[in-house]
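**Student:** Supplied structure: coords_20.cif, mmCIF, C-alpha atoms.
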data_target
#
loop_
_atom_site.group_PDB
_atom_site.id
_atom_site.type_symbol
_atom_site.label_atom_id
_atom_site.label_comp_id
_atom_site.auth_asym_id
_atom_site.auth_seq_id
_atom_site.Cartn_x
_atom_site.Cartn_y
_atom_site.Cartn_z
ATOM 1 C CA MET F 117 0.000 0.000 0.000
ATOM 2 C CA ILE F 118 1.222 3.520 -0.776
ATOM 3 C CA PRO F 119 2.894 5.038 2.329
ATOM 4 C CA ASP F 120 1.079 7.822 4.164
ATOM 5 C CA TYR F 121 3.259 10.942 4.293
ATOM 6 C CA HIS F 122 0.984 13.323 6.191
ATOM 7 C CA LEU F 123 0.147 12.084 9.674
ATOM 8 C CA HIS F 124 -0.358 13.718 13.066
ATOM 9 C CA THR F 125 0.071 12.298 16.534
ATOM 10 C CA GLU F 126 0.113 13.285 20.195
ATOM 11 C CA PHE F 127 2.975 15.678 19.394
ATOM 12 C CA SER F 128 0.657 17.983 17.427
ATOM 13 C CA GLY F 129 -1.280 20.476 19.490
ATOM 14 C CA ASP F 130 -4.548 19.510 17.794
ATOM 15 C CA CYS F 131 -4.129 15.732 18.155
ATOM 16 C CA ARG F 132 -4.209 13.173 20.956
ATOM 17 C CA THR F 133 -3.470 9.963 19.026
ATOM 18 C CA PRO F 134 -0.472 8.074 20.460
ATOM 19 C CA VAL F 135 2.204 7.570 17.833
ATOM 20 C CA ARG F 136 2.366 3.824 18.488
ATOM 21 C CA GLU F 137 -1.359 3.462 17.796
ATOM 22 C CA LEU F 138 -0.953 5.300 14.508
ATOM 23 C CA ILE F 139 1.885 3.028 13.463
ATOM 24 C CA CYS F 140 -0.155 -0.032 14.419
ATOM 25 C CA SER F 141 -3.075 1.208 12.310
ATOM 26 C CA ALA F 142 -0.823 1.735 9.296
ATOM 27 C CA ARG F 143 0.657 -1.742 9.611
ATOM 28 C CA ASN F 144 -2.769 -3.324 9.971
ATOM 29 C CA LYS F 145 -3.778 -1.627 6.715
ATOM 30 C CA GLY F 146 -0.832 -3.144 4.876
ATOM 31 C CA MET F 147 1.650 -0.283 4.917
ATOM 32 C CA THR F 148 5.337 -0.983 5.352
ATOM 33 C CA GLU F 149 6.305 2.690 5.622
ATOM 34 C CA ILE F 150 4.853 5.963 6.907
ATOM 35 C CA CYS F 151 6.128 9.421 7.723
ATOM 36 C CA ILE F 152 5.022 11.263 10.862
ATOM 37 C CA THR F 153 4.597 14.982 10.123
ATOM 38 C CA ASP F 154 3.514 16.733 13.285
ATOM 39 C CA HIS F 155 2.634 20.410 13.340
ATOM 40 C CA TYR F 156 5.079 23.235 13.887
ATOM 41 C CA ASP F 157 3.753 26.732 13.169
ATOM 42 C CA HIS F 158 6.416 29.180 14.281
ATOM 43 C CA ASP F 159 4.932 32.405 15.689
ATOM 44 C CA PHE F 160 1.369 31.180 15.299
ATOM 45 C CA PRO F 161 -0.712 34.241 16.310
ATOM 46 C CA GLU F 162 -1.870 34.133 19.899
ATOM 47 C CA GLY F 163 -5.553 34.156 20.674
ATOM 48 C CA ILE F 164 -6.888 32.648 17.442
ATOM 49 C CA ALA F 165 -6.708 28.971 18.417
ATOM 50 C CA GLU F 166 -7.354 26.995 21.568
ATOM 51 C CA VAL F 167 -4.230 24.877 21.065
ATOM 52 C CA SER F 168 -0.532 25.513 20.598
ATOM 53 C CA PHE F 169 1.218 24.664 17.347
ATOM 54 C CA ASP F 170 4.668 24.671 18.887
ATOM 55 C CA LEU F 171 6.538 21.376 18.991
ATOM 56 C CA ASP F 172 8.651 19.773 21.699
ATOM 57 C CA PHE F 173 11.533 19.000 19.341
ATOM 58 C CA ASP F 174 13.718 17.124 21.810
ATOM 59 C CA ARG F 175 10.973 14.707 22.832
ATOM 60 C CA TYR F 176 9.675 14.432 19.265
ATOM 61 C CA PHE F 177 12.960 13.433 17.663
ATOM 62 C CA THR F 178 14.033 11.227 20.551
ATOM 63 C CA THR F 179 10.764 9.284 20.490
ATOM 64 C CA LEU F 180 10.629 8.871 16.732
ATOM 65 C CA LYS F 181 14.279 7.839 16.423
ATOM 66 C CA GLU F 182 13.793 5.202 19.109
ATOM 67 C CA LEU F 183 10.714 3.880 17.331
ATOM 68 C CA ARG F 184 12.479 3.961 13.968
ATOM 69 C CA ASP F 185 15.345 1.890 15.337
ATOM 70 C CA GLU F 186 12.981 -0.505 17.125
ATOM 71 C CA LEU F 187 10.977 -1.189 13.951
ATOM 72 C CA ALA F 188 13.843 -1.027 11.457
ATOM 73 C CA LYS F 189 13.799 -4.692 10.421
ATOM 74 C CA GLU F 190 10.121 -4.822 9.524
ATOM 75 C CA PHE F 191 8.813 -1.281 9.050
ATOM 76 C CA ARG F 192 10.191 2.009 7.753
ATOM 77 C CA LEU F 193 9.325 4.935 9.983
ATOM 78 C CA LYS F 194 10.319 8.261 8.465
ATOM 79 C CA ILE F 195 10.632 11.449 10.486
ATOM 80 C CA GLY F 196 8.943 14.507 9.069
ATOM 81 C CA ILE F 197 7.284 17.730 10.031
ATOM 82 C CA GLU F 198 4.521 19.995 8.754
ATOM 83 C CA GLN F 199 5.646 23.593 8.947
ATOM 84 C CA GLY F 200 3.036 26.311 8.817
ATOM 85 C CA LEU F 201 4.610 29.232 6.975
ATOM 86 C CA MET F 202 3.798 32.929 6.932
ATOM 87 C CA PRO F 203 5.693 35.709 5.119
ATOM 88 C CA GLY F 204 7.150 36.858 8.423
ATOM 89 C CA THR F 205 8.626 33.443 9.242
ATOM 90 C CA CYS F 206 10.136 32.475 5.883
ATOM 91 C CA GLU F 207 13.560 33.926 6.656
ATOM 92 C CA THR F 208 13.628 32.568 10.219
ATOM 93 C CA LEU F 209 12.899 29.024 9.053
ATOM 94 C CA SER F 210 15.046 29.061 5.923
ATOM 95 C CA ASP F 211 17.746 26.831 7.447
ATOM 96 C CA PHE F 212 15.454 24.706 9.613
ATOM 97 C CA SER F 213 16.508 21.364 8.155
ATOM 98 C CA SER F 214 20.179 22.048 8.833
ATOM 99 C CA ARG F 215 19.354 22.333 12.533
ATOM 100 C CA TYR F 216 17.560 18.977 12.553
ATOM 101 C CA PRO F 217 19.557 16.521 10.418
ATOM 102 C CA ASP F 218 17.311 13.589 11.400
ATOM 103 C CA LEU F 219 14.504 14.927 9.220
ATOM 104 C CA ASP F 220 13.486 12.894 6.195
ATOM 105 C CA PHE F 221 10.644 15.078 4.978
ATOM 106 C CA ILE F 222 9.211 18.598 5.343
ATOM 107 C CA ILE F 223 5.726 19.671 4.316
ATOM 108 C CA CYS F 224 5.293 23.401 3.875
ATOM 109 C CA SER F 225 1.710 24.580 4.489
ATOM 110 C CA THR F 226 -0.271 27.785 4.772
ATOM 111 C CA HIS F 227 -2.607 27.861 7.767
ATOM 112 C CA VAL F 228 -2.758 31.571 8.616
ATOM 113 C CA VAL F 229 -3.242 34.634 6.393
ATOM 114 C CA ASP F 230 -2.642 38.159 7.702
ATOM 115 C CA GLY F 231 -3.088 36.905 11.259
ATOM 116 C CA PHE F 232 -6.394 35.207 10.446
ATOM 117 C CA ASP F 233 -7.057 31.457 10.418
ATOM 118 C CA PRO F 234 -9.506 30.421 7.637
ATOM 119 C CA TYR F 235 -10.752 27.674 9.936
ATOM 120 C CA TYR F 236 -12.771 30.354 11.728
ATOM 121 C CA PRO F 237 -15.699 32.235 10.093
ATOM 122 C CA TYR F 238 -14.222 35.668 10.803
ATOM 123 C CA TYR F 239 -11.673 35.102 8.023
ATOM 124 C CA PHE F 240 -14.378 35.103 5.364
ATOM 125 C CA GLU F 241 -16.262 37.848 7.159
ATOM 126 C CA LYS F 242 -13.197 40.022 6.519
ATOM 127 C CA TRP F 243 -12.379 38.989 2.956
ATOM 128 C CA GLY F 244 -15.560 37.489 1.537
ATOM 129 C CA GLU F 245 -15.511 34.106 -0.146
ATOM 130 C CA GLN F 246 -13.776 34.903 -3.440
ATOM 131 C CA GLY F 247 -11.509 37.482 -1.859
ATOM 132 C CA GLY F 248 -10.610 35.057 0.900
ATOM 133 C CA TYR F 249 -9.616 32.388 -1.579
ATOM 134 C CA ARG F 250 -7.516 34.823 -3.621
ATOM 135 C CA ARG F 251 -5.732 36.198 -0.571
ATOM 136 C CA TYR F 252 -4.887 32.674 0.574
ATOM 137 C CA PHE F 253 -3.458 31.673 -2.814
ATOM 138 C CA GLU F 254 -1.445 34.908 -2.979
ATOM 139 C CA GLU F 255 0.069 33.972 0.383
ATOM 140 C CA ILE F 256 1.137 30.592 -1.006
ATOM 141 C CA LEU F 257 2.732 32.309 -3.992
ATOM 142 C CA TYR F 258 4.772 34.545 -1.714
ATOM 143 C CA THR F 259 5.910 31.544 0.306
ATOM 144 C CA VAL F 260 7.067 29.413 -2.631
ATOM 145 C CA GLU F 261 8.910 32.391 -4.109
ATOM 146 C CA HIS F 262 10.719 33.229 -0.848
ATOM 147 C CA PHE F 263 11.189 29.881 0.907
ATOM 148 C CA ASP F 264 13.142 26.816 -0.216
ATOM 149 C CA ASP F 265 13.637 24.604 2.840
ATOM 150 C CA TYR F 266 10.866 22.063 2.239
ATOM 151 C CA CYS F 267 10.044 18.989 0.162
ATOM 152 C CA VAL F 268 6.392 19.371 -0.864
ATOM 153 C CA TYR F 269 3.686 21.959 -0.454
ATOM 154 C CA GLY F 270 0.772 20.633 1.558
ATOM 155 C CA HIS F 271 -2.985 20.715 0.867
ATOM 156 C CA MET F 272 -2.638 23.557 -1.598
ATOM 157 C CA ASP F 273 -6.334 24.496 -1.649
ATOM 158 C CA TYR F 274 -6.862 23.690 2.043
ATOM 159 C CA ILE F 275 -8.935 26.835 2.435
ATOM 160 C CA LEU F 276 -11.772 25.241 0.453
ATOM 161 C CA ARG F 277 -12.485 22.960 3.426
ATOM 162 C CA TYR F 278 -13.729 25.976 5.328
ATOM 163 C CA GLY F 279 -15.209 28.174 2.612
ATOM 164 C CA PRO F 280 -18.815 29.329 3.136
ATOM 165 C CA THR F 281 -20.005 27.101 0.280
ATOM 166 C CA LYS F 282 -17.447 24.270 0.621
ATOM 167 C CA ALA F 283 -15.920 25.042 -2.808
ATOM 168 C CA GLU F 284 -19.267 25.343 -4.590
ATOM 169 C CA ASN F 285 -18.258 28.781 -5.864
ATOM 170 C CA PHE F 286 -14.602 27.918 -6.480
ATOM 171 C CA ARG F 287 -13.400 28.010 -10.082
ATOM 172 C CA VAL F 288 -9.750 27.321 -10.876
ATOM 173 C CA LYS F 289 -9.860 29.649 -13.877
ATOM 174 C CA ASP F 290 -10.543 32.615 -11.584
ATOM 175 C CA TYR F 291 -7.088 32.174 -10.017
ATOM 176 C CA MET F 292 -5.213 30.604 -12.920
ATOM 177 C CA GLU F 293 -2.441 33.215 -13.100
ATOM 178 C CA ILE F 294 -1.639 32.692 -9.410
ATOM 179 C CA PHE F 295 -1.566 28.914 -9.654
ATOM 180 C CA GLU F 296 0.619 28.965 -12.744
ATOM 181 C CA ALA F 297 3.134 31.136 -10.896
ATOM 182 C CA ILE F 298 2.944 28.886 -7.815
ATOM 183 C CA PHE F 299 3.600 25.706 -9.766
ATOM 184 C CA ARG F 300 6.390 27.224 -11.836
ATOM 185 C CA ALA F 301 8.157 28.257 -8.644
ATOM 186 C CA ILE F 302 7.664 24.841 -7.026
ATOM 187 C CA ILE F 303 8.785 22.892 -10.080
ATOM 188 C CA GLY F 304 11.663 25.249 -10.815
ATOM 189 C CA LYS F 305 13.097 24.690 -7.342
ATOM 190 C CA GLY F 306 12.838 20.922 -7.532
ATOM 191 C CA LYS F 307 10.015 20.733 -5.000
ATOM 192 C CA GLY F 308 6.689 18.929 -5.184
ATOM 193 C CA ILE F 309 3.136 18.837 -3.929
ATOM 194 C CA GLU F 310 1.028 16.313 -2.060
ATOM 195 C CA LEU F 311 -2.196 14.574 -2.897
ATOM 196 C CA ASN F 312 -4.040 15.110 0.379
ATOM 197 C CA THR F 313 -7.143 12.974 0.860
ATOM 198 C CA GLY F 314 -8.101 14.669 4.115
ATOM 199 C CA SER F 315 -10.644 16.788 2.269
ATOM 200 C CA LEU F 316 -12.627 13.662 1.369
ATOM 201 C CA TYR F 317 -13.629 13.103 4.989
ATOM 202 C CA ARG F 318 -14.007 16.819 5.678
ATOM 203 C CA GLY F 319 -16.890 17.622 3.374
ATOM 204 C CA LEU F 320 -15.316 18.038 -0.062
ATOM 205 C CA SER F 321 -15.866 15.804 -3.074
ATOM 206 C CA PHE F 322 -12.230 15.897 -4.230
ATOM 207 C CA ALA F 323 -8.789 15.468 -2.723
ATOM 208 C CA HIS F 324 -6.422 18.418 -2.386
ATOM 209 C CA PRO F 325 -5.536 19.886 -4.745
ATOM 210 C CA HIS F 326 -8.527 20.080 -7.066
ATOM 211 C CA PRO F 327 -8.172 17.793 -10.150
ATOM 212 C CA GLU F 328 -7.858 20.821 -12.422
ATOM 213 C CA LEU F 329 -4.898 21.964 -10.350
ATOM 214 C CA LEU F 330 -3.314 18.529 -10.579
ATOM 215 C CA THR F 331 -3.764 18.715 -14.347
ATOM 216 C CA LEU F 332 -2.076 22.114 -14.460
ATOM 217 C CA TYR F 333 0.797 20.895 -12.296
ATOM 218 C CA ARG F 334 1.349 17.944 -14.620
ATOM 219 C CA GLU F 335 1.120 20.085 -17.771
ATOM 220 C CA LEU F 336 3.780 22.433 -16.395
ATOM 221 C CA GLY F 337 6.132 19.506 -15.824
ATOM 222 C CA GLY F 338 5.375 18.633 -12.203
ATOM 223 C CA GLU F 339 6.362 15.092 -11.252
ATOM 224 C CA ILE F 340 7.041 15.037 -7.512
ATOM 225 C CA ILE F 341 3.921 14.077 -5.587
ATOM 226 C CA THR F 342 3.388 12.348 -2.237
ATOM 227 C CA PHE F 343 0.270 10.833 -0.679
ATOM 228 C CA GLY F 344 -1.063 12.082 2.645
ATOM 229 C CA SER F 345 -4.257 11.505 4.593
ATOM 230 C CA ASP F 346 -3.726 14.393 7.035
ATOM 231 C CA SER F 347 -5.079 11.980 9.618
ATOM 232 C CA HIS F 348 -5.253 12.955 13.283
ATOM 233 C CA ASP F 349 -6.637 9.545 14.252
ATOM 234 C CA THR F 350 -6.151 5.873 13.423
ATOM 235 C CA GLU F 351 -9.315 5.578 11.337
ATOM 236 C CA HIS F 352 -8.236 7.754 8.418
ATOM 237 C CA VAL F 353 -4.653 6.577 7.897
ATOM 238 C CA GLY F 354 -4.254 5.948 4.158
ATOM 239 C CA TYR F 355 -7.787 7.156 3.523
ATOM 240 C CA ARG F 356 -8.867 6.420 -0.075
ATOM 241 C CA PHE F 357 -5.349 6.214 -1.443
ATOM 242 C CA ASP F 358 -6.718 3.785 -4.036
ATOM 243 C CA HIS F 359 -8.956 6.586 -5.297
ATOM 244 C CA GLY F 360 -5.985 8.954 -5.373
ATOM 245 C CA ALA F 361 -3.798 6.542 -7.329
ATOM 246 C CA LYS F 362 -6.475 6.012 -9.976
ATOM 247 C CA LEU F 363 -6.963 9.759 -10.270
ATOM 248 C CA LEU F 364 -3.256 10.449 -10.730
ATOM 249 C CA LYS F 365 -2.943 7.734 -13.372
ATOM 250 C CA SER F 366 -5.911 9.168 -15.265
ATOM 251 C CA LEU F 367 -4.183 12.570 -15.317
ATOM 252 C CA GLY F 368 -0.941 11.223 -16.722
ATOM 253 C CA PHE F 369 1.143 10.715 -13.586
ATOM 254 C CA SER F 370 3.296 7.584 -13.525
ATOM 255 C CA TRP F 371 5.061 7.940 -10.187
ATOM 256 C CA TYR F 372 4.575 8.865 -6.553
ATOM 257 C CA CYS F 373 7.354 9.784 -4.139
ATOM 258 C CA THR F 374 8.614 8.889 -0.710
ATOM 259 C CA TYR F 375 11.532 10.690 0.941
ATOM 260 C CA ASP F 376 14.765 9.821 2.682
ATOM 261 C CA LYS F 377 16.928 12.573 4.198
ATOM 262 C CA LEU F 378 14.906 15.175 2.253
ATOM 263 C CA GLN F 379 15.572 13.498 -1.100
ATOM 264 C CA PRO F 380 12.706 12.126 -3.234
ATOM 265 C CA GLU F 381 12.525 8.477 -4.201
ATOM 266 C CA PHE F 382 10.214 7.615 -7.112
ATOM 267 C CA HIS F 383 7.898 4.594 -7.176
ATOM 268 C CA PRO F 384 5.530 3.477 -9.969
ATOM 269 C CA LEU F 385 1.827 4.042 -9.377
#
Please rewrite the model in this file as C-alpha cells.

**Tutor:**
Amino acid sequence: MIPDYHLHTEFSGDCRTPVRELICSARNKGMTEICITDHYDHDFPEGIAEVSFDLDFDRYFTTLKELRDELAKEFRLKIGIEQGLMPGTCETLSDFSSRYPDLDFIICSTHVVDGFDPYYPYYFEKWGEQGGYRRYFEEILYTVEHFDDYCVYGHMDYILRYGPTKAENFRVKDYMEIFEAIFRAIIGKGKGIELNTGSLYRGLSFAHPHPELLTLYRELGGEIITFGSDSHDTEHVGYRFDHGAKLLKSLGFSWYCTYDKLQPEFHPL
C-alpha cells in the first residue's frame, strides 16, 4: 500500500493519538512505511486557536528515532514535520533542516493569512468568499517564491475545506495566473506537492488539490507528488489512497514519491 506521508500524533497540538497506535493502524492496513509529520507553526498568532502549534523537538525526535530503530527490520518509519509558513517566518525558518539533520521530509503549508485562520468564520467575514480564496493563494505564492527549505507543499487548496459554500463557488480559472506562478516556482526549485485525501472526509468531493490543479501541475512539468491523509486519528490513515492513485494515473502521472533525508525516491503508481 502507498505510504502515508501526512500524519499527526500526540505531538501535534490539535491531536491526541499516540504515535504507536498510529503506526499499528498503518501496519494493519498493509503499509510498510509511513512518515510522521507533526505540526510546527512558528509564531502562530496568539488568541486565534485553543491549542498551541509549537513542537517539543527534543521529545519528538528522541521518540521517533527510538521507534524507527525498534521497527527497522520490519517497518520504515520516516521522520517529518509539517511547517506552517507565513511571510514573516520564511527567513527565520530558511535553514530549519540544517538544525535537525534527522529529518526525512518537510511539508510546507499555509494555515494563517494576515493573522487570520480560515478555519474560523471571521476570516471570510473580513475577505468574503472569493476574496478570501484569492488572498490565501497569494500567500502561497509569496511563500514558494521566498522559501526553499521544504520537500512538498501541503494541501494547496486547504482553504476550500472551510469556505462558506465548501468550494461550490470555487473556479480554478478565476485564479489561474496565481496557480501557474505557484507551480512554476515549485517545479523550478525541484520541490513537489502532495495529494491530500483529508478533504474527502471533511466535506469536499475531491482530494487536495482540485483535479484541475493537478492537471495544471502535470502540464507544467510537475512530477514530484506524495500521498497524505492528514489523519489525526487511526481511522483515516491511508484514507482512499486507491482513489488517489487512480486519479493520478488518469491525469498522466506515472510515479509517486517517498523521501529519505529530504531526497525524493520515485515509485511506480

**Student:** What separation in Å, quoted to one decimal, exists between CA of Asp346 in chain F and CA of His155 in chain F?

**Tutor:**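 Separation between CA of Asp346 in chain F and CA of His155 in chain F: 10.8 Å.
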
**Student:** What is the distance, in Å and to one decimal place, between CA of Pro380 in chain F and CA of Gly337 in chain F?

**Tutor:**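 Computed distance, CA of Pro380 in chain F to CA of Gly337 in chain F, equals 16.0 Å.
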
**Student:** Name the residues in contact with Phe160 in chain F at a cut-off of 9 Å, using all atoms listed in the file, excluding same-chain residues fewer than 3 positions from it; report them as a list in words.

**Tutor:** Tyr156, Asp157, Ile164, Ala165, Ser168, Phe169, Asp170, Gly200, Met202, Val228 and Gly231 of chain F

**Student:** Which is closest to Asp218 in chain F among F:Arg136, F:Arg143, F:His158, F:Lys377, if we use all atoms listed in the file?

**Tutor:**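 Comparing F:Arg136, F:Arg143, F:His158, F:Lys377 against Asp218 in chain F, the winner is F:Lys377.
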
**Student:** Pick the closest to Gly204 in chain F from F:Val229, F:Leu316, F:Cys373, F:Leu378: which is it, counting only C-alpha atoms?

**Tutor:**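 With only C-alpha atoms as the atom set, the closest residue is F:Val229.
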
**Student:** Please report the interatomic distance between CA of Thr331 in chain F and CA of Glu198 in chain F in Å with one decimal.

**Tutor:**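 Separating CA of Thr331 in chain F from CA of Glu198 in chain F is a distance of 24.6 Å.
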
**Student:** Name the closest residue to Arg184 in chain F among the candidates F:Val260, F:Ala283, F:Ile302, F:Ile139; distances are taken between atoms, counting only C-alpha atoms.

**Tutor:**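 Looking only at the distances to Arg184 in chain F, the closest residue turns out to be F:Ile139.
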
**Student:** Point out the residue among F:Tyr278, F:Phe232, F:Tyr333, F:Phe127 with the least atom-to-atom distance to Arg300 in chain F, counting all atoms listed in the file.

**Tutor:**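 When distances to Arg300 in chain F are compared using all atoms listed in the file, the smallest one comes from F:Tyr333.
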
**Student:** Name the closest residue to Ser366 in chain F among the candidates F:Leu123, F:Ile298, F:Leu385, F:Leu187; distances are taken between atoms, counting all atoms listed in the file.

**Tutor:** F:Leu385

**Student:** Evaluate the PyMOL selection byres ((chain F and resi 318) around 12) and record the selected residues as a PDB file with C-alpha atoms, in the frame of the given file, following the chain and residue labels used in the document.

**Tutor:**
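Result saved to result.pdb:
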ATOM      1  CA  TYR F 274      -6.862  23.690   2.043  1.00  0.00           C
ATOM      2  CA  ILE F 275      -8.935  26.835   2.435  1.00  0.00           C
ATOM      3  CA  LEU F 276     -11.772  25.241   0.453  1.00  0.00           C
ATOM      4  CA  ARG F 277     -12.485  22.960   3.426  1.00  0.00           C
ATOM      5  CA  TYR F 278     -13.729  25.976   5.328  1.00  0.00           C
ATOM      6  CA  GLY F 279     -15.209  28.174   2.612  1.00  0.00           C
ATOM      7  CA  LYS F 282     -17.447  24.270   0.621  1.00  0.00           C
ATOM      8  CA  ALA F 283     -15.920  25.042  -2.808  1.00  0.00           C
ATOM      9  CA  ASN F 312      -4.040  15.110   0.379  1.00  0.00           C
ATOM     10  CA  THR F 313      -7.143  12.974   0.860  1.00  0.00           C
ATOM     11  CA  GLY F 314      -8.101  14.669   4.115  1.00  0.00           C
ATOM     12  CA  SER F 315     -10.644  16.788   2.269  1.00  0.00           C
ATOM     13  CA  LEU F 316     -12.627  13.662   1.369  1.00  0.00           C
ATOM     14  CA  TYR F 317     -13.629  13.103   4.989  1.00  0.00           C
ATOM     15  CA  GLY F 319     -16.890  17.622   3.374  1.00  0.00           C
ATOM     16  CA  LEU F 320     -15.316  18.038  -0.062  1.00  0.00           C
ATOM     17  CA  SER F 321     -15.866  15.804  -3.074  1.00  0.00           C
ATOM     18  CA  PHE F 322     -12.230  15.897  -4.230  1.00  0.00           C
ATOM     19  CA  ALA F 323      -8.789  15.468  -2.723  1.00  0.00           C
ATOM     20  CA  HIS F 324      -6.422  18.418  -2.386  1.00  0.00           C
ATOM     21  CA  SER F 345      -4.257  11.505   4.593  1.00  0.00           C
ATOM     22  CA  ASP F 346      -3.726  14.393   7.035  1.00  0.00           C
ATOM     23  CA  SER F 347      -5.079  11.980   9.618  1.00  0.00           C
ATOM     24  CA  HIS F 352      -8.236   7.754   8.418  1.00  0.00           C
ATOM     25  CA  TYR F 355      -7.787   7.156   3.523  1.00  0.00           C
TER      26      TYR F 355
END

**Student:** On this structure, which residues satisfy the PyMOL selection byres ((chain F and resi 119) around 6), written as a compact mmCIF listing (two decimals) with C-alpha atoms, in the frame of the given file?

**Tutor:**
# COMPACT_ATOMS: atom_id res chain seq x y z
CA ILE F 118 1.22 3.52 -0.78
CA ASP F 120 1.08 7.82 4.16
CA GLU F 149 6.30 2.69 5.62
CA ILE F 150 4.85 5.96 6.91

**Student:** Would you please work out which residue, of F:Thr133, F:Ser213, F:Gln199, F:Thr374, is nearest to Cys151 in chain F when using only C-alpha atoms?

**Tutor:** F:Thr374

**Student:** Tell me which residues the PyMOL selection byres ((chain F and resi 340) around 10) grabs here, as number ranges by chain.

**Tutor:** F: 267-268, 302-303, 306-310, 333-334, 337-339, 341-342, 369, 371-374, 380-382

**Student:** Set the distance at 12 Å and use all atoms listed in the file: which residues neighbour Asp172 in chain F once local chain neighbours fewer than 6 positions away are removed? I'd like the list as a PyMOL selection string.

**Tutor:** chain F and resi 126-129+154-156+178-179+197

**Student:** Give me the residues within 10 Å of Ser141 in chain F as a PyMOL selection string, counting all atoms listed in the file and dropping any in the same chain fewer than 5 places off.

**Tutor:** chain F and resi 135-136+146-147+349-354

**Student:** Padding of 4 Å on every side, edges along x, y and z, all listed atoms of range 146-151 of chain F included: what centre and edge lengths in Å, to one decimal, does that box have, as lines of an AutoDock Vina configuration file?

**Tutor:**
center_x = 2.7
center_y = 3.1
center_z = 6.3
size_x = 15.1
size_y = 20.6
size_z = 10.8

**Student:** Step by step: start from the point (15.2, 5.2, 7.5) in the file's coordinates, keep every protein, DNA or RNA residue that has an atom no farther than 9 Å from it, count all atoms listed in the file, and write the set as a ChimeraX atom specification.

**Tutor:** /F:184-185,188,192-195,220,376-377
